[in-house]
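Structure first, commentary second.
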Number of protein chains: 4
Amino acid sequence: MRIRDPIHGTIDVSGEEKAVIDSRYYQRLRHVRQLGFGDLAFPGATHTRHAHSLGAMHVASRVFQAVAARSHLPEDVRARFSAAVRLAVLCHDLGHMPLSHASERIAPSRASLRLPAWLDAVAEGEQATHEDFTAKLLLDSSLTPIIEEHYDSLGITPAAAVALISGAKPPRAPNFSHAGVDWTPLLRAIVSGELDADRMDYLVRDSFYTGVNYGRYDMDWIVSNLNPAMKDGRAYLALSRAAAFAFEDFLLSRYHMFISVYYHHTSVNFDYMLRRYYEESPGEFEIPSDPEAFLFCDDVALWYTLRRSKNPWAQRIASRQGFKLLAQFTERDVGYDLDVLRSALVTGGFEHFAVESRGVLSKYFAEGSGGPSLFIIDASTGRLTEVARYTPLYQRYSGAVRLSRLYVRPDQIEDARNLMARLLGQAVQS
Amino acid sequence: MRIRDPIHGTIDVSGEEKAVIDSRYYQRLRHVRQLGFGDLAFPGATHTRHAHSLGAMHVASRVFQAVAARSHLPEDVRARFSAAVRLAVLCHDLGHMPLSHASERIAPSRASLRLPAWLDAVAEGEQATHEDFTAKLLLDSSLTPIIEEHYDSLGITPAAAVALISGAKPPRAPNFSHAGVDWTPLLRAIVSGELDADRMDYLVRDSFYTGVNYGRYDMDWIVSNLNPAMKDGRAYLALSRAAAFAFEDFLLSRYHMFISVYYHHTSVNFDYMLRRYYEESPGEFEIPSDPEAFLFCDDVALWYTLRRSKNPWAQRIASRQGFKLLAQFTERDVGYDLDVLRSALVTGGFEHFAVESRGVLSKYFAEGSGGPSLFIIDASTGRLTEVARYTPLYQRYSGAVRLSRLYVRPDQIEDARNLMARLLGQAVQS
Amino acid sequence: MRIRDPIHGTIDVSGEEKAVIDSRYYQRLRHVRQLGFGDLAFPGATHTRHAHSLGAMHVASRVFQAVAARSHLPEDVRARFSAAVRLAVLCHDLGHMPLSHASERIAPSRASLRLPAWLDAVAEGEQATHEDFTAKLLLDSSLTPIIEEHYDSLGITPAAAVALISGAKPPRAPNFSHAGVDWTPLLRAIVSGELDADRMDYLVRDSFYTGVNYGRYDMDWIVSNLNPAMKDGRAYLALSRAAAFAFEDFLLSRYHMFISVYYHHTSVNFDYMLRRYYEESPGEFEIPSDPEAFLFCDDVALWYTLRRSKNPWAQRIASRQGFKLLAQFTERDVGYDLDVLRSALVTGGFEHFAVESRGVLSKYFAEGSGGPSLFIIDASTGRLTEVARYTPLYQRYSGAVRLSRLYVRPDQIEDARNLMARLLGQAVQS
Amino acid sequence: MRIRDPIHGTIDVSGEEKAVIDSRYYQRLRHVRQLGFGDLAFPGATHTRHAHSLGAMHVASRVFQAVAARSHLPEDVRARFSAAVRLAVLCHDLGHMPLSHASERIAPSRASLRLPAWLDAVAEGEQATHEDFTAKLLLDSSLTPIIEEHYDSLGITPAAAVALISGAKPPRAPNFSHAGVDWTPLLRAIVSGELDADRMDYLVRDSFYTGVNYGRYDMDWIVSNLNPAMKDGRAYLALSRAAAFAFEDFLLSRYHMFISVYYHHTSVNFDYMLRRYYEESPGEFEIPSDPEAFLFCDDVALWYTLRRSKNPWAQRIASRQGFKLLAQFTERDVGYDLDVLRSALVTGGFEHFAVESRGVLSKYFAEGSGGPSLFIIDASTGRLTEVARYTPLYQRYSGAVRLSRLYVRPDQIEDARNLMARLLGQAVQS
């Protein structure tokens, strides 16, 4: 099967993959928008995790083929590794909840999913995350036998896909070794790492759909400079020195996308209001732990519920009448002090809320076991350097985003602006 | 206000327009996808009429400004004409029903909308169309006072917008004259005509989101070659001879988009199934004639209803398990005969359906009153030629699309293919 | 080696190809602009045959790989066929003369090139064409041993490349057979045919560099729908029915590019003046038949010569002061009559010239031996139809371009315009 | 007149501008490639200063119009300011010498140009720069009366254009004041400053033509966030806080373009060889100080001269057979020591050369008089901050580029690589 994609052109899909894509679990992603409330700020950004996951699978193949072309892997091993990576990337977002990460706050307990014990090693808390749901759907839903039926002859199990996605190690670990070298670190780096297919697709895709340029980077050049690097009997993903600058550009693209798109003040606004709705009207909308029920837990269901709710935050969201942005600033904006502004608002009787968006851009920065997910390789000498040590930008931009916002009830915005102008005017004069 | 758009970059929005856009009627369009079921065929094509209408408004301005720059209209008249055209284009899709034109089949009677009598002249039948709903929302909903409040000082009424959209003439016709010349034909040509802002936006937009190239044409060149042409005291839209080829390319883009996208076999498939659902389960989903109720009559509501329906067609749609395409052909495909194939399927006991997609690409071709919506102008002589007479392609492609498809129940597709191969093999040999 | 290209991204180049590209013959193409005088009309269009030929080679690979993936050709045969096609496409423009096809008028006699007799079958006349020069450089220059050295182990000779480019049959014909099937027609169709790599690259490239949209077509879709079709022991290039519309779009792209770019009135103007220079100052600039001398026969040499010439046409070209366009028209422009206009200009004492641009867009239309270069294939039945019979657009657009222009000496243009307006005014009234 | 441009679409040109563009001085730029030897590395990058200057003029208008729309300048003042800025930008590159900045090394003395004394204030040395030649052509060539004739009625003189380009103050300074505010700083910032039209065009253009993504930034967003800021009776260019991140992206685009394109090892290689040619064969090619002679001092003339030279460096350039890159590194590449490598090459008898590319990316960083060319403005408070103080990236990237390269004679490259591998291997072990 071939699927037309505005980013990558024609995406080829194998018979096995078609079976997964045609499943209701994958089709559910048609109704989970990639950017949650992002289309409220960027009307063009209505793209879904369905299309993103297809695109990421395509990118994963491009990366793997580029790497494999510089290896001595025989054809049949390549085919199997490739199929495993593609499956993992295709399925990596299956467990995403409706509209926004805010919905993770009402996720059921991780225990209720009854995941196998070997996944406990990568658990992040007591509440189920979208990664937990992804694992659940792969390992214990009506999707499971579909994968088993189609991937058995390739020696790929649902657990292998979960292992590549999560980094956890199932009891009978999937065998990704050849000629004494374990390729797991490299395959995993393609699925989830500093330069993984997920990020490589979403930066370009989000940029394309929002109309914001920042997400563009030089995918061609990066892909054509990726290599397998052997170290202590394991294969790692390594970027040629000649593409180090392209990688820096990729890092900065991500940084700018966070500031401009992912942390856009409108998304932050509605995320916050959704959180308030969940807090104030518990039980109106729920994330079911049962896979069959989860099938219809998507944006459609959430919008439908919000519309019928009596909760004022839900009504604000449903009618798209958020609070108004009063001020936004970073640490570089002299004269802005969140505490001072807030107490003035309290004193003045303004209904308002403040949100701080701060993010660790790279969860891989201080990664523990398994080693770094990306090396820089010097072609002349074969020397490997961890990317975090090679690129000064890396450290600088791996945790740097921090944005403060104040929002005020719409009918109070003019008065609040006047108040703020007085306050800031004072700040300037002093 | 400025809105970021992936097609046009930054779209400027005036204060009046912001009031309309912020209304719940306009916001409703966020949940009406532009291509209905089109994203089932093209996963990237999740764009909405919300974004399209903003884009079309932007294009309308570009066209009007290009034309006005070659006129002697004074600044204040320009501003008023521009605001009127922009408002009309912004609102032209407000009445679209959920998901597809198929939903128009269950629209209420036109009478139930209680539209003013002057609109009867452009009525197309007894059942309300989306144009009727657009008129209703503009003339008689809570949106009406919003427009009145913001546009009164510009001398623009809701009825004026409806007049530009529909071509009907309200009792107190809006005055679009200046210095003895009536600019109505030109303004109307921008809102709805052979080369209107609607088409100019949707071709590029649909092309962009589907990833299909056909919709690209030379918008810059066309816009910069548009002129006002005076004839019998009226101003018409006229394209310089130098851009006649660009216009042909535009026509062909549209033709290819119909074949490749708008009549894609998957869209046609689901449209047909939706129609069957509406026929078999009347009343489950309804299009309300009350504007307030219409506010939540969108894709969300329809998807939600389909999921909960017991109707087998609804279930097929909700689980995206359509019938399978057995054959598609045009008149140029020798050996295919729809009647022969169908009777063989009936005899063989195959559950199936056939759909013929045929379209009159240009409703303006045999236009009656008001004259043609586009002329070709010869700069040397000022001579005007109706575009339909100038461009041979026009006649050829104005009504030419016709595609036949046969769909079969999924479990029968293999047998049906074998049957067809036998039949066609015979056809070839004979 | 990898080369960065703005159209195709990264172009991979093998060691053999690098040797050819590094040769002075290939490097010469850096100074032969693809569109001759085209950059006078489109300032961005400074691209060269050097870049185009690399791009065409890349496209050829994409096409061949798509086709081969649907064949049973073993890996080593694929590699050899691919290398042959790539070499032929890479070299197909080596013999192009400076700036424009106008330079072919001063080419030496074909006899002076002393080409082997087997090429006589494809000779077009007594004067050498750029195809003859290409054959000369491949078969009898210092490039010849470079190709022999690098391609010998692949069983590919310079004569094989010439055979694929020209369609002629060398005495010891290159063996492009496998398992009893002769793949020559298919390989040749990729090098030179209705849908060859040359056209597939130049349409997109010329479109990209001129900023004109017409040359865009759906390359991805076409490539992914190309198949090998076996008939009478020979393999042909065949396009799936599903991409027939994409092919029509390709045809029309070409048609519009001819009208808008290749026959742009400025290019036609300077081409004509260059022809006049060649006629009036024979011998000032010559096309040498000796390959070594041909190495420096490029745009640089011609511009340098033009600047130093005393010939008035050369001076006009060198200072870019062409005649002025007075009128251009096609058969659809009522009231224009070339003969009438010309005799009025003669009578009025206007220095002027007229050029008619007419082209047979498809030289393959009435192709004799060897069969058609492209079939449409019906996947259900395997039936093949010649593209010329399948697509009505084909016949319509294969020979249709005809544009008439009149140019006048710059200082006379105002008077000439007045004269013409009077004449055309009369034409309109009568 | 309208000119088609692949970057900006349609560029409008006024009658006055057409006169300048049609002059032989402007047409000369058709034969001065924007990137010098850059097309040797990026075959697509054959674009010229002719097209760039048109594009920059177009960008200048977009910037000025955006700024003017937020001012109270009356229409006639706007028209005059706009025409002045456009003229200055259009002409800013007229004095560029053939192929590369390397040619500036053989420029005649500044004294030989006999420039007016008021330009001495911005002189950079005793040798004429391309800025000096630009001033010469504007002030004292056959172009001068053309400008005077067409711009006199607008109150714009050649000296005014030179003033905007160079920052120097002519005796009768052009009056760019209105209502007591001097707009010179703002106009000059558009012509030459941190965010000038020159950079805004060339980044996108060079990116487009090389096929390298780095040069893309968010032009739309930046333009729509530019404002006039009044301070001490002068108008400055100021960017809204909301676009500060877009400006950072612009800065980094420039940084990455320097590293990837402008300092590409191939360009550096041929620049160096050209310099050697100039040193070893002085007088073979000269930059004439006479404007008429300068007209034919372009890439064509230089290539022609190089081909006929006996100098070995010229021959290397003409046959495009440069030295081979042995190593390239930055300060972050541990183990590389230029001195150690060079002395090993000397000892081993390798013919080689080393080039260090280092650049001050921003000449405006430590700007003296006239104030900064760009402010960040806080819309709430009107507060202005110099961009250099607002953006931490600014300081970091304003002077940071430094790349070291070693090149070796082609026949020695294998041995040199072996030598280097041994040396670096030692470096790694120690």
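Identifiers in this document derive from the order of the structure tokens: chains are assigned A, B, ..., residues are numbered from 1 separately in each chain, and ligands are numbered from 1 in order of occurrence.
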Note to self: Residues within 8 Å of Phe81 in chain C, please, as a ChimeraX atom specification. Count only C-alpha atoms; anything in the same chain fewer than 4 positions from it doesn't count.
What the structure shows: /C:77,85,176,187
Can you write out the residues you just picked, keeping N, CA and C atoms, as a PDB file, in the first residue's frame?
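Below you can see result.pdb, which holds the result:
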ATOM      1  N   VAL C  77      22.387  -7.850 -12.240  1.00  0.00           N
ATOM      2  CA  VAL C  77      21.869  -7.321 -13.508  1.00  0.00           C
ATOM      3  C   VAL C  77      21.296  -5.922 -13.296  1.00  0.00           C
ATOM      4  N   VAL C  85      22.135   3.164 -17.550  1.00  0.00           N
ATOM      5  CA  VAL C  85      21.147   4.223 -17.704  1.00  0.00           C
ATOM      6  C   VAL C  85      21.663   5.517 -17.086  1.00  0.00           C
ATOM      7  N   PHE C 176      21.602  -5.873 -23.179  1.00  0.00           N
ATOM      8  CA  PHE C 176      20.701  -5.513 -22.086  1.00  0.00           C
ATOM      9  C   PHE C 176      19.573  -6.528 -21.966  1.00  0.00           C
ATOM     10  N   LEU C 187      15.046   0.660 -21.018  1.00  0.00           N
ATOM     11  CA  LEU C 187      16.171   1.511 -20.616  1.00  0.00           C
ATOM     12  C   LEU C 187      16.209   2.770 -21.489  1.00  0.00           C
TER      13      LEU C 187
END
Output the contact residues of chain A with respect to chain D at a cut-off of 9 Å, based on only C-alpha atoms, as a CSV table (one decimal) with all heavy atoms, in the first residue's frame.
chain,number,residue,atom,x,y,z
A,212,VAL,N,4.9,27.9,10.6
A,212,VAL,CA,6.0,28.5,11.3
A,212,VAL,C,7.3,27.8,10.8
A,212,VAL,O,7.3,26.6,10.6
A,212,VAL,CB,5.9,28.2,12.8
A,212,VAL,CG1,7.2,28.3,13.5
A,212,VAL,CG2,4.8,29.1,13.4
A,213,ASN,N,8.2,28.6,10.5
A,213,ASN,CA,9.4,28.1,9.8
A,213,ASN,C,10.4,27.3,10.7
A,213,ASN,O,11.3,26.6,10.2
A,213,ASN,CB,10.2,29.2,9.1
A,213,ASN,CG,9.8,29.4,7.7
A,213,ASN,OD1,9.4,28.4,7.0
A,213,ASN,ND2,9.9,30.6,7.1
A,214,TYR,N,10.3,27.6,12.0
A,214,TYR,CA,11.4,27.1,12.8
A,214,TYR,C,11.7,25.6,12.8
A,214,TYR,O,12.8,25.2,13.1
A,214,TYR,CB,11.1,27.5,14.3
A,214,TYR,CG,10.7,28.9,14.4
A,214,TYR,CD1,9.5,29.3,15.0
A,214,TYR,CD2,11.5,30.0,14.0
A,214,TYR,CE1,9.1,30.6,15.2
A,214,TYR,CE2,11.1,31.3,14.1
A,214,TYR,CZ,9.9,31.6,14.7
A,214,TYR,OH,9.6,32.9,14.9
A,216,ARG,N,12.0,23.6,10.4
A,216,ARG,CA,12.8,23.1,9.3
A,216,ARG,C,14.2,22.9,9.6
A,216,ARG,O,14.9,23.8,10.2
A,216,ARG,CB,12.7,24.0,8.1
A,216,ARG,CG,11.3,24.5,7.8
A,216,ARG,CD,10.7,23.8,6.6
A,216,ARG,NE,9.3,24.0,6.5
A,216,ARG,CZ,8.7,25.1,5.9
A,216,ARG,NH1,9.5,26.0,5.3
A,216,ARG,NH2,7.4,25.2,5.8
A,217,TYR,N,14.7,21.7,9.3
A,217,TYR,CA,16.2,21.5,9.5
A,217,TYR,C,16.6,20.6,8.3
A,217,TYR,O,15.7,20.2,7.5
A,217,TYR,CB,16.4,20.8,10.8
A,217,TYR,CG,15.7,19.5,10.9
A,217,TYR,CD1,16.4,18.3,10.5
A,217,TYR,CD2,14.4,19.4,11.3
A,217,TYR,CE1,15.7,17.1,10.5
A,217,TYR,CE2,13.8,18.2,11.3
A,217,TYR,CZ,14.4,17.0,10.9
A,217,TYR,OH,13.8,15.8,10.9
A,218,ASP,N,17.8,20.2,8.3
A,218,ASP,CA,18.3,19.6,7.0
A,218,ASP,C,18.2,18.1,7.2
A,218,ASP,O,19.2,17.4,7.3
A,218,ASP,CB,19.7,20.1,6.8
A,218,ASP,CG,20.1,19.9,5.3
A,218,ASP,OD1,19.5,19.1,4.7
A,218,ASP,OD2,21.0,20.6,4.9
A,219,MET,N,17.0,17.5,7.0
A,219,MET,CA,16.8,16.1,7.2
A,219,MET,C,17.7,15.3,6.3
A,219,MET,O,18.3,14.3,6.7
A,219,MET,CB,15.3,15.7,7.0
A,219,MET,CG,15.1,14.3,7.5
A,219,MET,SD,13.4,13.7,7.0
A,219,MET,CE,12.4,14.7,8.1
A,221,TRP,N,20.5,15.9,4.8
A,221,TRP,CA,21.9,15.9,5.2
A,221,TRP,C,22.2,15.0,6.4
A,221,TRP,O,23.1,14.3,6.5
A,221,TRP,CB,22.4,17.3,5.4
A,221,TRP,CG,23.9,17.4,5.4
A,221,TRP,CD1,24.7,17.8,6.5
A,221,TRP,CD2,24.8,17.2,4.3
A,221,TRP,NE1,26.0,17.8,6.1
A,221,TRP,CE2,26.1,17.4,4.8
A,221,TRP,CE3,24.6,16.8,3.0
A,221,TRP,CZ2,27.2,17.2,4.0
A,221,TRP,CZ3,25.7,16.6,2.2
A,221,TRP,CH2,27.0,16.8,2.7
A,245,PHE,N,26.9,20.4,12.5
A,245,PHE,CA,26.2,21.7,12.5
A,245,PHE,C,24.7,21.5,12.1
A,245,PHE,O,23.9,22.3,12.6
A,245,PHE,CB,26.9,22.7,11.5
A,245,PHE,CG,28.3,23.0,11.9
A,245,PHE,CD1,29.4,22.6,11.1
A,245,PHE,CD2,28.5,23.7,13.1
A,245,PHE,CE1,30.7,23.0,11.6
A,245,PHE,CE2,29.8,24.1,13.5
A,245,PHE,CZ,30.9,23.7,12.7
A,246,ALA,N,24.5,20.6,11.2
A,246,ALA,CA,23.1,20.3,10.9
A,246,ALA,C,22.3,19.8,12.2
A,246,ALA,O,21.2,20.1,12.4
A,246,ALA,CB,23.0,19.3,9.8
A,248,GLU,N,23.1,20.7,15.2
A,248,GLU,CA,22.9,21.9,16.1
A,248,GLU,C,21.6,22.6,15.6
A,248,GLU,O,20.8,23.1,16.4
A,248,GLU,CB,24.1,22.8,16.0
A,248,GLU,CG,25.3,22.3,16.8
A,248,GLU,CD,26.3,23.4,16.9
A,248,GLU,OE1,26.2,24.5,16.3
A,248,GLU,OE2,27.3,23.2,17.7
A,249,ASP,N,21.5,22.7,14.3
A,249,ASP,CA,20.3,23.4,13.7
A,249,ASP,C,19.1,22.7,14.1
A,249,ASP,O,18.0,23.3,14.4
A,249,ASP,CB,20.5,23.4,12.2
A,249,ASP,CG,19.6,24.4,11.6
A,249,ASP,OD1,19.6,25.6,12.0
A,249,ASP,OD2,18.8,24.0,10.6
A,252,LEU,N,18.2,23.5,17.7
A,252,LEU,CA,17.7,24.9,17.8
A,252,LEU,C,16.3,25.0,17.2
A,252,LEU,O,15.4,25.7,17.7
A,252,LEU,CB,18.6,25.9,17.2
A,252,LEU,CG,19.8,26.1,18.1
A,252,LEU,CD1,21.0,26.6,17.3
A,252,LEU,CD2,19.5,27.1,19.1
A,253,SER,N,16.1,24.2,16.2
A,253,SER,CA,14.7,24.1,15.6
A,253,SER,C,13.7,23.7,16.7
A,253,SER,O,12.7,24.2,16.9
A,253,SER,CB,14.7,23.1,14.5
A,253,SER,OG,15.2,23.6,13.4
A,256,HIS,N,13.2,26.4,19.3
A,256,HIS,CA,12.3,27.5,18.8
A,256,HIS,C,10.9,27.0,18.7
A,256,HIS,O,9.9,27.7,18.9
A,256,HIS,CB,12.8,28.1,17.5
A,256,HIS,CG,13.9,29.0,17.7
A,256,HIS,ND1,15.2,28.7,17.4
A,256,HIS,CD2,14.0,30.3,18.3
A,256,HIS,CE1,16.0,29.8,17.7
A,256,HIS,NE2,15.3,30.7,18.3
A,259,ILE,N,9.2,27.2,22.1
A,259,ILE,CA,8.8,28.5,22.5
A,259,ILE,C,7.6,29.1,21.6
A,259,ILE,O,6.7,29.7,22.2
A,259,ILE,CB,10.0,29.4,22.3
A,259,ILE,CG1,11.0,29.1,23.4
A,259,ILE,CG2,9.6,30.9,22.4
A,259,ILE,CD1,12.4,29.8,23.3
A,260,SER,N,7.7,28.8,20.4
A,260,SER,CA,6.7,29.4,19.5
A,260,SER,C,5.4,28.6,19.3
A,260,SER,O,4.4,29.2,19.1
A,260,SER,CB,7.3,29.6,18.1
A,260,SER,OG,8.6,30.2,18.2
A,327,ALA,N,0.1,39.3,30.1
A,327,ALA,CA,1.5,39.5,30.0
A,327,ALA,C,2.2,38.2,29.8
A,327,ALA,O,1.8,37.2,30.3
A,327,ALA,CB,2.1,40.2,31.2
A,332,ARG,N,14.7,37.3,30.5
A,332,ARG,CA,15.5,38.4,29.9
A,332,ARG,C,14.7,39.7,29.8
A,332,ARG,O,15.2,40.7,29.4
A,332,ARG,CB,15.9,38.0,28.5
A,332,ARG,CG,14.8,38.0,27.5
A,332,ARG,CD,15.4,37.8,26.1
A,332,ARG,NE,15.8,36.4,25.9
A,332,ARG,CZ,16.0,35.9,24.7
A,332,ARG,NH1,15.8,36.6,23.6
A,332,ARG,NH2,16.4,34.6,24.6
A,333,ASP,N,13.4,39.6,30.2
A,333,ASP,CA,12.6,40.8,30.1
A,333,ASP,C,12.6,41.6,31.4
A,333,ASP,O,11.9,41.3,32.4
A,333,ASP,CB,11.1,40.5,29.8
A,333,ASP,CG,11.0,40.0,28.3
A,333,ASP,OD1,11.5,40.7,27.4
A,333,ASP,OD2,10.6,38.8,28.1
A,378,ASP,N,34.2,10.8,14.0
A,378,ASP,CA,35.2,11.4,13.1
A,378,ASP,C,35.7,10.4,12.1
A,378,ASP,O,36.3,9.3,12.4
A,378,ASP,CB,36.4,11.8,14.0
A,378,ASP,CG,37.5,12.5,13.2
A,378,ASP,OD1,37.7,12.2,12.0
A,378,ASP,OD2,38.2,13.4,13.7
A,380,SER,N,37.9,10.3,9.9
A,380,SER,CA,39.3,10.0,9.7
A,380,SER,C,39.9,9.0,10.7
A,380,SER,O,40.7,8.2,10.4
A,380,SER,CB,40.1,11.3,9.8
A,380,SER,OG,39.6,12.3,8.9
A,381,THR,N,39.4,9.1,11.9
A,381,THR,CA,40.0,8.3,13.0
A,381,THR,C,39.0,7.3,13.6
A,381,THR,O,39.5,6.5,14.3
A,381,THR,CB,40.4,9.3,14.1
A,381,THR,OG1,39.3,10.0,14.6
A,381,THR,CG2,41.4,10.3,13.6
A,383,ARG,N,37.0,8.0,15.8
A,383,ARG,CA,36.8,8.4,17.2
A,383,ARG,C,35.3,8.8,17.4
A,383,ARG,O,34.7,9.5,16.6
A,383,ARG,CB,37.7,9.6,17.5
A,383,ARG,CG,37.8,9.8,19.0
A,383,ARG,CD,38.6,11.1,19.3
A,383,ARG,NE,39.8,11.1,18.4
A,383,ARG,CZ,40.6,12.1,18.2
A,383,ARG,NH1,40.4,13.2,18.9
A,383,ARG,NH2,41.6,12.0,17.4
A,390,TYR,N,30.2,17.1,22.5
A,390,TYR,CA,30.7,17.7,21.3
A,390,TYR,C,30.1,19.1,21.0
A,390,TYR,O,30.7,20.0,20.5
A,390,TYR,CB,30.4,16.8,20.1
A,390,TYR,CG,31.2,17.2,18.8
A,390,TYR,CD1,32.5,16.8,18.6
A,390,TYR,CD2,30.5,18.0,17.9
A,390,TYR,CE1,33.2,17.2,17.5
A,390,TYR,CE2,31.2,18.4,16.7
A,390,TYR,CZ,32.6,18.0,16.6
A,390,TYR,OH,33.2,18.4,15.4
A,391,THR,N,28.8,19.2,21.3
A,391,THR,CA,28.1,20.3,20.9
A,391,THR,C,27.8,21.3,22.0
A,391,THR,O,27.0,20.9,22.9
A,391,THR,CB,26.7,19.9,20.2
A,391,THR,OG1,27.0,19.0,19.1
A,391,THR,CG2,25.9,21.1,19.8
A,392,PRO,N,28.4,22.4,22.1
A,392,PRO,CA,28.1,23.3,23.2
A,392,PRO,C,26.6,23.7,23.2
A,392,PRO,O,26.1,23.9,24.3
A,392,PRO,CB,29.0,24.5,22.9
A,392,PRO,CG,29.5,24.4,21.5
A,392,PRO,CD,29.4,22.9,21.1
A,417,ARG,N,-4.8,45.7,32.0
A,417,ARG,CA,-3.7,46.3,31.2
A,417,ARG,C,-3.3,47.7,31.7
A,417,ARG,O,-2.1,48.0,31.8
A,417,ARG,CB,-4.1,46.4,29.7
A,417,ARG,CG,-4.0,45.1,29.0
A,417,ARG,CD,-4.1,45.2,27.5
A,417,ARG,NE,-4.2,43.9,26.9
A,417,ARG,CZ,-5.1,43.5,26.1
A,417,ARG,NH1,-6.0,44.3,25.6
A,417,ARG,NH2,-5.1,42.2,25.6
A,420,MET,N,-1.3,47.1,34.8
A,420,MET,CA,0.0,46.6,34.6
A,420,MET,C,0.9,47.7,34.0
A,420,MET,O,2.1,47.9,34.3
A,420,MET,CB,0.0,45.5,33.6
A,420,MET,CG,1.3,44.7,33.6
A,420,MET,SD,1.3,43.3,32.4
A,420,MET,CE,1.2,44.2,30.9
A,421,ALA,N,0.3,48.5,33.1
A,421,ALA,CA,1.1,49.6,32.5
A,421,ALA,C,1.6,50.6,33.6
A,421,ALA,O,2.8,51.0,33.6
A,421,ALA,CB,0.3,50.4,31.5
A,424,LEU,N,4.4,48.6,35.5
A,424,LEU,CA,5.7,48.5,34.7
A,424,LEU,C,6.3,49.9,34.5
A,424,LEU,O,7.5,50.0,34.4
A,424,LEU,CB,5.4,47.8,33.4
A,424,LEU,CG,5.0,46.3,33.5
A,424,LEU,CD1,4.6,45.8,32.1
A,424,LEU,CD2,6.2,45.5,34.0
A,425,GLY,N,5.4,50.9,34.3
A,425,GLY,CA,6.0,52.2,34.2
A,425,GLY,C,6.8,52.5,35.4
A,425,GLY,O,7.9,53.0,35.3
A,428,VAL,N,10.0,50.8,35.3
A,428,VAL,CA,11.0,51.4,34.4
A,428,VAL,C,11.7,52.6,35.0
A,428,VAL,O,12.9,52.8,34.9
A,428,VAL,CB,10.3,51.8,33.1
A,428,VAL,CG1,11.3,52.5,32.2
A,428,VAL,CG2,9.8,50.6,32.4
Check: Neighbours of Arg275 in chain C within 10 Å (only C-alpha atoms; same-chain residues fewer than 2 positions away dropped), as a PyMOL selection string?
Finding: chain C and resi 100-106+270-273+277-280+313-314
Checklist line | Nearest to Arg234 in chain B, chosen from B:Arg320, B:Arg4, B:His178, B:His265, with only C-alpha atoms counted in the distances | finding: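 Closest to Arg234 in chain B, using only C-alpha atoms: B:His178.
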Note to self: Quick check for you: according to DSSP on this backbone, which residues of range 271-415 of chain A are classed as helix (DSSP H, G or I)? Reply as a PyMOL selection string.
What the structure shows: chain A and resi 271-280+291-294+299-308+312-318+338-347+387-390+392-397+410-415
Next item on the list: Tell me which protein, DNA and RNA residues are within 9 Å of Glu126 in chain A, counting only C-alpha atoms, leaving out same-chain ones fewer than 3 positions away, and put them as a list in words.
Entry: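 Within the cut-off, the hits are Pro108, Ser109, Arg110, Ala111 and Ala123 of chain A.
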Next item on the list: Could you give me, as a PyMOL selection string, the residues within 6 Å of range 56-63 of chain D, counting only C-alpha atoms and dropping anything in the same chain fewer than 2 positions from it?
Entry: chain D and resi 53-54+65-66+86+89-90+197-198+201+223
